[in-house]
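Source file: my_file17.tsv (TSV, C-alpha atoms)
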```
chain	number	residue	atom	x	y	z
A	1	CYS	CA	0.00	0.00	0.00
A	2	LEU	CA	2.93	2.33	0.44
A	3	VAL	CA	3.62	2.85	-3.28
A	4	ALA	CA	3.67	6.33	-4.75
A	5	LEU	CA	3.80	8.28	-1.47
A	6	ALA	CA	6.19	11.22	-1.66
A	7	ILE	CA	6.68	13.81	1.05
A	8	VAL	CA	8.30	17.04	-0.09
A	9	SER	CA	9.01	19.74	2.46
A	10	PHE	CA	9.37	23.27	1.11
A	11	GLU	CA	8.67	26.53	2.95
A	12	ARG	CA	6.90	24.58	5.71
A	13	LYS	CA	4.51	23.02	3.21
A	14	ILE	CA	4.04	19.28	2.75
A	15	VAL	CA	2.76	17.85	-0.51
A	16	PHE	CA	1.52	14.25	-0.79
A	17	LYS	CA	1.58	12.50	-4.11
A	18	LEU	CA	-0.85	9.57	-4.12
A	19	ASN	CA	-1.62	6.73	-6.45
A	20	GLU	CA	-5.07	6.30	-7.96
A	21	THR	CA	-6.30	3.61	-5.55
A	22	GLY	CA	-8.78	4.59	-2.87
A	23	GLU	CA	-7.30	1.96	-0.52
A	24	PHE	CA	-4.06	3.85	-0.13
A	25	ARG	CA	-5.79	7.20	0.31
A	26	ASN	CA	-7.93	5.65	3.06
A	27	ALA	CA	-4.80	4.27	4.68
A	28	VAL	CA	-3.29	7.75	4.79
A	29	ARG	CA	-6.48	9.13	6.33
A	30	ASN	CA	-6.43	6.38	8.94
A	31	LEU	CA	-2.92	7.47	9.82
A	32	ALA	CA	-4.08	11.04	10.34
A	33	ALA	CA	-7.07	9.87	12.38
A	34	SER	CA	-4.83	7.78	14.62
A	35	ALA	CA	-3.03	11.01	15.55
A	36	GLY	CA	-6.35	12.44	16.72
A	37	PHE	CA	-7.27	14.57	13.74
A	38	ALA	CA	-10.76	14.51	12.22
A	39	CYS	CA	-10.72	13.60	8.54
A	40	LYS	CA	-13.41	13.99	5.92
A	41	GLN	CA	-14.31	10.88	3.95
A	42	ARG	CA	-13.78	12.22	0.49
A	43	SER	CA	-11.56	11.68	-2.54
A	44	GLY	CA	-8.98	14.02	-3.94
A	45	GLN	CA	-6.50	16.26	-2.18
A	46	LEU	CA	-5.76	15.69	1.51
A	47	SER	CA	-7.01	18.27	3.97
A	48	ARG	CA	-4.81	20.26	6.36
A	49	PRO	CA	-5.97	18.21	9.39
A	50	GLU	CA	-5.05	15.04	7.54
A	51	ILE	CA	-1.61	16.37	6.69
A	52	ALA	CA	-1.12	17.57	10.27
A	53	GLY	CA	-2.10	14.14	11.59
A	54	ILE	CA	0.32	12.40	9.29
A	55	THR	CA	3.22	14.66	10.18
A	56	ALA	CA	2.44	14.21	13.88
A	57	ILE	CA	2.68	10.44	13.76
A	58	CYS	CA	4.82	9.55	10.74
A	59	GLY	CA	7.92	9.33	12.91
A	60	ARG	CA	6.29	6.57	14.95
A	61	ALA	CA	4.21	4.61	12.42
A	62	SER	CA	6.19	2.28	10.22
A	63	PHE	CA	3.84	0.28	8.07
A	64	TYR	CA	0.25	-0.30	7.05
A	65	ARG	CA	-1.40	-3.72	7.18
A	66	ASP	CA	-4.98	-5.00	7.33
A	67	GLY	CA	-6.41	-1.48	7.45
A	68	VAL	CA	-4.32	-0.38	10.44
A	69	TRP	CA	-1.15	1.68	10.79
A	70	LYS	CA	1.22	-0.14	13.15
A	71	ARG	CA	4.49	0.74	14.81
A	72	GLU	CA	7.80	-0.99	14.17
A	73	GLU	CA	7.84	-2.74	17.54
A	74	GLU	CA	4.45	-4.32	16.77
A	75	ARG	CA	5.95	-6.12	13.80
A	76	THR	CA	8.64	-7.86	15.80
A	77	MET	CA	6.48	-9.66	18.35
A	78	LEU	CA	7.58	-12.86	19.92
A	79	LEU	CA	5.02	-15.61	19.55
A	80	LEU	CA	4.05	-15.30	23.23
A	81	ASP	CA	3.37	-11.58	22.71
A	82	LYS	CA	1.31	-12.35	19.63
A	83	ILE	CA	-0.77	-14.87	21.59
A	84	GLN	CA	-1.51	-12.29	24.27
A	85	ALA	CA	-2.53	-9.73	21.63
A	86	THR	CA	-4.86	-12.05	19.70
A	87	SER	CA	-8.58	-12.43	20.39
A	88	PHE	CA	-9.75	-16.05	20.68
A	89	SER	CA	-13.14	-17.73	21.06
A	90	PRO	CA	-13.79	-19.49	24.42
A	91	GLY	CA	-12.81	-22.86	22.96
A	92	GLU	CA	-9.68	-21.46	21.35
A	93	GLN	CA	-8.75	-19.66	24.56
A	94	SER	CA	-9.02	-22.93	26.46
A	95	ALA	CA	-6.51	-24.52	24.07
A	96	VAL	CA	-4.19	-21.52	24.31
A	97	ASP	CA	-4.36	-21.51	28.13
A	98	PHE	CA	-3.45	-25.19	28.23
A	99	MET	CA	-0.51	-24.60	25.90
A	100	LEU	CA	0.78	-21.68	27.98
A	101	GLU	CA	0.34	-23.60	31.22
A	102	GLN	CA	2.05	-26.81	30.05
A	103	LYS	CA	4.76	-25.13	27.95
A	104	GLU	CA	7.30	-27.84	27.07
A	105	GLY	CA	4.92	-30.45	28.44
A	106	ILE	CA	3.07	-30.50	25.11
A	107	ARG	CA	6.18	-31.64	23.22
A	108	ASP	CA	5.23	-35.35	23.06
A	109	MET	CA	1.46	-34.87	23.03
A	110	THR	CA	-0.60	-35.50	19.90
A	111	VAL	CA	-3.28	-33.15	18.61
A	112	LYS	CA	-6.00	-35.42	20.02
A	113	GLU	CA	-4.33	-35.59	23.43
A	114	ILE	CA	-3.95	-31.82	23.66
A	115	ALA	CA	-7.54	-31.26	22.49
A	116	ALA	CA	-8.87	-33.74	25.06
A	117	ALA	CA	-6.84	-32.18	27.88
A	118	ALA	CA	-7.94	-28.67	26.88
A	119	TYR	CA	-11.61	-29.72	26.49
A	120	CYS	CA	-11.83	-28.62	22.87
A	121	ALA	CA	-12.05	-30.20	19.42
A	122	PRO	CA	-8.86	-31.00	17.45
A	123	SER	CA	-10.02	-28.56	14.77
A	124	THR	CA	-9.84	-25.80	17.38
A	125	LEU	CA	-6.07	-26.18	17.52
A	126	ILE	CA	-5.91	-25.70	13.76
A	127	ARG	CA	-7.96	-22.50	14.03
A	128	VAL	CA	-5.61	-21.20	16.75
A	129	ALA	CA	-2.63	-21.88	14.49
A	130	HIS	CA	-4.26	-20.06	11.57
A	131	LYS	CA	-5.13	-17.05	13.73
A	132	LEU	CA	-1.48	-16.79	14.75
A	133	GLY	CA	-0.31	-16.91	11.13
A	134	PHE	CA	0.80	-20.56	10.89
A	135	GLU	CA	-0.14	-23.06	8.21
A	136	GLY	CA	-1.05	-25.70	10.78
A	137	TRP	CA	-0.77	-26.90	14.36
A	138	SER	CA	2.60	-28.63	13.87
A	139	ALA	CA	4.26	-25.40	12.73
A	140	LEU	CA	2.77	-23.48	15.67
A	141	LYS	CA	3.82	-26.16	18.15
A	142	GLU	CA	7.39	-26.26	16.84
A	143	SER	CA	7.75	-22.47	16.99
A	144	PHE	CA	6.16	-22.30	20.44
A	145	LEU	CA	8.48	-24.95	21.88
A	146	GLU	CA	11.56	-23.35	20.34
A	147	GLU	CA	10.69	-19.94	21.76
A	148	THR	CA	9.71	-21.32	25.17
A	149	GLU	CA	12.98	-23.21	25.45
A	150	TYR	CA	14.98	-20.14	24.50
A	151	LEU	CA	13.19	-17.84	26.94
A	152	SER	CA	13.59	-20.33	29.78
A	153	HIS	CA	17.39	-20.17	29.62
A	154	GLN	CA	18.88	-18.79	32.82
A	155	HIS	CA	21.25	-15.85	32.47
A	156	SER	CA	23.70	-14.28	34.89
A	157	GLY	CA	21.54	-11.24	35.49
A	158	VAL	CA	23.56	-8.86	33.30
A	159	ASP	CA	21.03	-6.69	31.46
A	160	ALA	CA	21.78	-6.68	27.71
A	161	ASN	CA	20.31	-3.18	27.40
A	162	PHE	CA	22.11	-1.69	30.43
A	163	PRO	CA	25.05	-3.97	31.25
A	164	PHE	CA	26.64	-1.35	33.50
A	165	PHE	CA	25.51	1.65	35.51
A	166	LYS	CA	26.77	4.96	36.81
A	167	GLY	CA	29.40	4.38	39.47
A	168	ASP	CA	30.50	0.93	38.28
A	169	THR	CA	34.26	0.42	38.31
A	170	ASP	CA	36.23	-0.22	35.15
A	171	ILE	CA	36.82	-3.84	36.13
A	172	THR	CA	33.11	-4.38	36.89
A	173	ILE	CA	32.18	-3.01	33.46
A	174	SER	CA	34.79	-5.28	31.85
A	175	GLU	CA	33.48	-8.33	33.70
A	176	ASN	CA	29.84	-7.61	32.86
A	177	LEU	CA	30.60	-7.20	29.17
A	178	ALA	CA	32.65	-10.41	29.17
A	179	VAL	CA	29.77	-12.32	30.76
A	180	LEU	CA	27.17	-10.75	28.46
A	181	GLU	CA	29.10	-11.46	25.29
A	182	CYS	CA	29.91	-15.05	26.28
A	183	GLU	CA	26.25	-15.70	27.11
A	184	SER	CA	25.16	-14.08	23.86
A	185	ILE	CA	27.38	-16.40	21.84
A	186	MET	CA	26.11	-19.46	23.72
A	187	ASP	CA	22.52	-18.26	23.23
A	188	THR	CA	23.14	-17.94	19.50
A	189	PHE	CA	24.75	-21.37	19.36
A	190	SER	CA	21.80	-22.94	21.22
A	191	MET	CA	19.43	-21.71	18.49
A	192	LEU	CA	21.44	-23.07	15.58
A	193	ASP	CA	19.49	-25.66	13.63
A	194	ALA	CA	21.82	-28.17	11.94
A	195	ALA	CA	19.64	-28.54	8.85
A	196	GLN	CA	19.24	-24.77	8.39
A	197	LEU	CA	22.96	-24.17	8.90
A	198	HIS	CA	23.91	-26.86	6.38
A	199	LYS	CA	21.44	-25.47	3.86
A	200	ALA	CA	22.85	-21.97	4.33
A	201	THR	CA	26.39	-23.29	3.84
A	202	MET	CA	25.45	-25.05	0.61
A	203	MET	CA	23.67	-21.94	-0.67
A	204	LEU	CA	26.85	-19.93	-0.15
A	205	ARG	CA	29.04	-22.65	-1.65
A	206	HIS	CA	27.06	-22.74	-4.91
A	207	ALA	CA	26.59	-18.97	-5.20
A	208	LYS	CA	28.36	-17.12	-7.99
A	209	ILE	CA	28.29	-13.88	-5.98
A	210	ILE	CA	27.23	-13.43	-2.35
A	211	TYR	CA	25.41	-10.18	-1.53
A	212	ILE	CA	24.87	-8.88	2.00
A	213	LEU	CA	21.86	-6.62	2.55
A	214	THR	CA	21.72	-4.89	5.91
A	215	ALA	CA	21.34	-1.53	7.63
A	216	TYR	CA	24.31	0.82	7.78
A	217	PRO	CA	25.41	0.07	11.40
A	218	ASN	CA	26.18	-3.54	10.40
A	219	HIS	CA	28.38	-2.65	7.43
A	220	GLU	CA	31.59	-2.79	9.48
A	221	LEU	CA	30.78	-6.27	10.81
A	222	THR	CA	29.85	-7.58	7.38
A	223	GLY	CA	32.91	-5.88	5.89
A	224	MET	CA	35.16	-8.11	7.98
A	225	PHE	CA	33.24	-11.15	6.73
A	226	ARG	CA	33.77	-9.94	3.17
A	227	GLU	CA	37.54	-9.69	3.74
A	228	GLN	CA	37.68	-13.21	5.20
A	229	MET	CA	35.78	-14.61	2.23
A	230	LEU	CA	38.05	-12.76	-0.20
A	231	ARG	CA	41.03	-14.71	1.17
A	232	ILE	CA	39.49	-18.01	0.07
A	233	GLY	CA	38.52	-16.67	-3.33
A	234	ARG	CA	34.83	-15.90	-2.71
A	235	THR	CA	33.24	-12.66	-3.92
A	236	VAL	CA	31.07	-10.90	-1.32
A	237	VAL	CA	29.37	-7.56	-1.96
A	238	VAL	CA	28.11	-5.49	0.97
A	239	VAL	CA	25.14	-3.65	-0.50
A	240	HIS	CA	24.33	0.00	0.23
A	241	GLN	CA	21.22	0.16	-1.99
A	242	PRO	CA	19.29	-3.07	-1.33
A	243	LEU	CA	16.44	-2.52	-3.80
A	244	TYR	CA	18.75	-1.86	-6.74
A	245	ALA	CA	20.87	-4.88	-5.79
A	246	ALA	CA	17.82	-7.13	-5.47
A	247	TRP	CA	16.74	-6.33	-9.03
A	248	LEU	CA	20.25	-6.99	-10.35
A	249	MET	CA	20.81	-10.37	-8.69
A	250	THR	CA	20.29	-13.64	-10.54
A	251	PRO	CA	19.25	-17.12	-9.33
A	252	GLU	CA	22.94	-18.09	-9.54
A	253	ASP	CA	23.72	-15.63	-6.73
A	254	CYS	CA	22.83	-15.76	-3.04
A	255	ALA	CA	21.98	-13.02	-0.56
A	256	ILE	CA	22.33	-12.73	3.19
A	257	ILE	CA	19.75	-10.34	4.66
A	258	LEU	CA	20.71	-9.23	8.15
A	259	SER	CA	18.17	-7.39	10.32
A	260	TYR	CA	17.80	-7.58	14.11
A	261	SER	CA	14.10	-6.68	13.91
A	262	GLY	CA	13.53	-8.83	10.83
A	263	GLU	CA	11.09	-6.18	9.64
A	264	THR	CA	13.18	-3.32	8.24
A	265	GLY	CA	11.08	-1.87	5.42
A	266	LEU	CA	13.69	-1.71	2.65
A	267	LEU	CA	15.02	-5.16	3.47
A	268	VAL	CA	11.54	-6.72	3.54
A	269	GLU	CA	10.84	-5.19	0.14
A	270	ALA	CA	14.19	-6.48	-1.13
A	271	ALA	CA	13.23	-9.95	0.13
A	272	ARG	CA	9.99	-9.76	-1.84
A	273	ILE	CA	11.91	-8.87	-4.98
A	274	LEU	CA	14.35	-11.74	-4.41
A	275	ASN	CA	11.44	-14.17	-4.02
A	276	GLU	CA	9.93	-12.85	-7.23
A	277	ARG	CA	13.23	-13.25	-9.08
A	278	LYS	CA	13.87	-16.68	-7.51
A	279	VAL	CA	17.13	-15.55	-5.91
A	280	PRO	CA	17.87	-17.63	-2.78
A	281	PHE	CA	18.66	-15.79	0.42
A	282	ILE	CA	19.57	-16.47	4.05
A	283	SER	CA	17.89	-14.41	6.77
A	284	ILE	CA	19.60	-13.50	10.04
A	285	SER	CA	17.15	-11.99	12.51
A	286	ASN	CA	15.70	-12.29	16.02
A	287	VAL	CA	14.08	-15.35	17.57
A	288	GLY	CA	10.54	-14.15	16.79
A	289	GLU	CA	8.40	-14.95	13.75
A	290	THR	CA	9.72	-12.29	11.36
A	291	THR	CA	8.79	-11.48	7.79
A	292	LEU	CA	12.37	-12.02	6.62
A	293	ALA	CA	12.53	-15.46	8.24
A	294	ARG	CA	9.26	-16.52	6.59
A	295	ARG	CA	10.44	-15.43	3.14
A	296	SER	CA	13.96	-16.85	3.29
A	297	GLN	CA	15.20	-20.24	2.13
A	298	ALA	CA	17.37	-20.65	5.25
A	299	THR	CA	17.21	-18.76	8.52
A	300	LEU	CA	19.62	-18.19	11.39
A	301	LYS	CA	18.57	-16.69	14.72
A	302	LEU	CA	20.31	-13.92	16.64
A	303	CYS	CA	20.53	-13.69	20.41
A	304	THR	CA	17.41	-11.70	21.27
A	305	ARG	CA	18.00	-9.92	24.56
A	306	GLU	CA	18.06	-6.28	23.45
A	307	LYS	CA	15.31	-3.76	22.84
A	308	LEU	CA	15.14	-2.07	19.45
A	309	TYR	CA	16.46	1.26	20.74
A	310	SER	CA	16.16	1.51	24.57
A	311	LYS	CA	19.76	0.51	25.22
A	312	ILE	CA	23.20	2.04	25.68
A	313	GLY	CA	24.89	-0.19	23.12
A	314	SER	CA	24.35	-3.19	20.85
A	315	PHE	CA	26.85	-5.36	22.72
A	316	SER	CA	24.79	-8.56	22.64
A	317	SER	CA	23.37	-8.39	19.12
A	318	GLU	CA	26.65	-7.33	17.52
A	319	ILE	CA	28.62	-10.20	19.04
A	320	SER	CA	25.81	-12.53	17.96
A	321	VAL	CA	26.05	-11.26	14.37
A	322	PHE	CA	29.84	-11.54	14.48
A	323	TYR	CA	29.62	-15.13	15.71
A	324	LEU	CA	27.13	-16.23	13.03
A	325	LEU	CA	29.24	-14.70	10.25
A	326	HIS	CA	32.28	-16.52	11.62
A	327	VAL	CA	30.25	-19.76	11.66
A	328	LEU	CA	29.19	-19.31	8.03
A	329	TYR	CA	32.78	-18.60	6.99
A	330	ALA	CA	34.12	-21.62	8.89
A	331	CYS	CA	31.46	-23.99	7.56
A	332	LEU	CA	32.04	-22.80	4.00
A	333	PHE	CA	35.81	-23.12	4.51
A	334	GLU	CA	35.38	-26.72	5.71
A	335	SER	CA	33.28	-27.66	2.68
A	336	GLU	CA	36.46	-27.41	0.56
A	337	TYR	CA	38.98	-27.68	3.36
A	338	ASP	CA	42.17	-28.80	1.57
A	339	ARG	CA	41.70	-26.35	-1.27
A	340	ASN	CA	41.01	-23.46	1.08
A	341	VAL	CA	43.93	-24.25	3.40
A	342	GLU	CA	46.31	-24.35	0.45
A	343	ARG	CA	44.94	-21.12	-1.00
A	344	LYS	CA	44.74	-19.23	2.31
A	345	LEU	CA	48.18	-20.19	3.66
A	346	GLY	CA	49.88	-20.00	0.28
A	347	ILE	CA	48.75	-16.43	-0.32
A	348	SER	CA	49.34	-15.38	3.31
A	349	ARG	CA	52.98	-16.53	3.19
A	350	ARG	CA	53.54	-14.28	0.21
A	351	VAL	CA	51.52	-11.26	1.31
A	352	GLU	CA	52.43	-11.29	5.01
A	353	ALA	CA	55.98	-12.63	4.83
A	354	ARG	CA	57.46	-9.47	6.38
A	355	ARG	CA	55.38	-9.69	9.54
A	356	HIS	CA	57.36	-10.66	12.64
A	357	SER	CA	57.12	-10.68	16.41
A	358	THR	CA	59.46	-11.15	19.36
A	359	THR	CA	56.72	-13.05	21.20
A	360	SER	CA	57.38	-16.77	20.81
A	361	LEU	CA	53.69	-17.65	20.68
A	362	LEU	CA	53.27	-15.56	17.53
A	363	GLN	CA	56.33	-16.75	15.68
A	364	GLU	CA	55.67	-18.78	12.55
A	365	GLU	CA	57.11	-22.24	11.99
A	366	GLU	CA	58.65	-23.37	8.73
A	367	PRO	CA	56.04	-24.20	6.05
A	368	GLU	CA	54.67	-27.74	6.27
A	369	ASP	CA	53.16	-30.04	3.71
A	370	THR	CA	49.42	-29.54	4.31
A	371	GLU	CA	48.69	-33.08	3.11
A	372	ASN	CA	50.50	-34.43	6.18
A	373	ARG	CA	48.56	-32.34	8.67
```

Can the structure from this file be put into structure tokens for me?
Amino acid sequence: CLVALAIVSFERKIVFKLNETGEFRNAVRNLAASAGFACKQRSGQLSRPEIAGITAICGRASFYRDGVWKREEERTMLLLDKIQATSFSPGEQSAVDFMLEQKEGIRDMTVKEIAAAAYCAPSTLIRVAHKLGFEGWSALKESFLEETEYLSHQHSGVDANFPFFKGDTDITISENLAVLECESIMDTFSMLDAAQLHKATMMLRHAKIIYILTAYPNHELTGMFREQMLRIGRTVVVVHQPLYAAWLMTPEDCAIILSYSGETGLLVEAARILNERKVPFISISNVGETTLARRSQATLKLCTREKLYSKIGSFSSEISVFYLLHVLYACLFESEYDRNVERKLGISRRVEARRHSTTSLLQEEEPEDTENR
């Protein structure tokens, strides 16, 4: 619905350029109304109250779906949040209450057993799954168990959003960050699915060019991944204009779309284009049910302990991203181990031959025959 909207500010005036569909115009008026401005139900040019309403809320509203303007944080719900926000019939609520009460206890229960214990029909479980956006009960159950297991993990008590406070000593800050980053890596590892990781590795192995689509703050992290891949002869492009790149990619390429929220507008649109053009891509996003994860051919989950913006640093999510990129590099390296060892060490001996150190631990040994390793 967001096609053909242009906002041009000039001499304190705002001009909206709309497409010809009434649906989009109504969406814009709903946005103004949500800011508390009365809007006339008419076609044609937007009124001043409508424009005022839009400018009052456009910094907070991120997307339009099902007739409602929603905020960014509403798109990135965990499944448990989505359950709490969804309206169910009495029978459906009974099934949901049983699921929330038993948590991992439903793992080995069949649909009939759960329905009997929740005093509802088996078809009720299917309706619950559909209301929550799943194709069926099995998909809902799998996602629910995965999220429940993740959220039940015990942490040290270091807050990922505020890992230190005013008055903390330097050594306390250092310790808290060490604990937080170690836990974040272990969290990320615990969510790795062997089948998804293997699929992602094979997608990268067979790709002619690997493109990385992400927001600007992640460019430094992905840049280091690009340099690592270069040293084993793989071409990686860190994209600054995701929509242009998406239209230029071919099915012989592969993309990695990295987004902590999993709902960044430009990246979601790029994912749609990639699906349309049959270009495979790997999503890296939070543990929730995200749009990017649903559209990708393989998905990897980030440690999800940080808020979107109420934090003093992205310590946890950045180390999680860094770890997953290292994992992808290592798995791809292993897929052609002998070739990559020969290439990597052979080039390094030539390029870095002048490097030296007086520390014995860093000193290089004489070259060995890699076949005898």

- Using only C-alpha atoms, find the one residue out of A:Ala121, A:Val321, A:Leu221, A:Ala160 that sits nearest to A:Lys307.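 Closest to A:Lys307 of all the choices is A:Ala160.
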
Every residue with an atom at most 10 Å from (15.7, -1.0, -3.9) (file coordinates; all atoms listed in the file) is what I'm after, so could you write them as a CSV table (one decimal) with C-alpha atoms, in the frame of the given file?
```csv
chain,number,residue,atom,x,y,z
A,240,HIS,CA,24.3,0.0,0.2
A,241,GLN,CA,21.2,0.2,-2.0
A,242,PRO,CA,19.3,-3.1,-1.3
A,243,LEU,CA,16.4,-2.5,-3.8
A,244,TYR,CA,18.8,-1.9,-6.7
A,245,ALA,CA,20.9,-4.9,-5.8
A,246,ALA,CA,17.8,-7.1,-5.5
A,247,TRP,CA,16.7,-6.3,-9.0
A,248,LEU,CA,20.2,-7.0,-10.4
A,266,LEU,CA,13.7,-1.7,2.6
A,267,LEU,CA,15.0,-5.2,3.5
A,269,GLU,CA,10.8,-5.2,0.1
A,270,ALA,CA,14.2,-6.5,-1.1
A,273,ILE,CA,11.9,-8.9,-5.0
```

- Item | Neighbour list for stretch 140-146 of chain A as a count of residues only, cut-off 9 Å, only C-alpha atoms, skip fewer than 5 positions in-chain | 19

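Here atom CA of A:Lys112 stands at a distance of 28.0 Å from atom CA of A:Asp193.
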
- Message: Neighbouring residues of A:Ser123 were defined as those with any atom within 12 Å, considering only C-alpha atoms; residues of the same chain fewer than 3 positions away were excluded. Please report them as a PyMOL selection string.
- Response: chain A and resi 91-92+95+111-112+114-116+119-120+126-130+136-137

- Query: Which residue out of A:Tyr329, A:Phe164, A:Tyr216, A:Tyr323 has the minimum interatomic distance to A:Asp187 when only C-alpha atoms are used?
  - Reply: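 Nearest to A:Asp187: A:Tyr323.
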
- Top pick for closest residue to A:Val238, considering A:Ile212, A:Met203, A:Ile257, A:Ile185 and counting all atoms listed in the file: A:Ile212

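Using all atoms listed in the file, the contacts of A:Ser190 at a cut-off of 10 Å, with sequence neighbours closer than 6 positions omitted, comprise A:Glu149, A:Tyr150, A:His153, A:Ser184, A:Lys301, A:Cys303.
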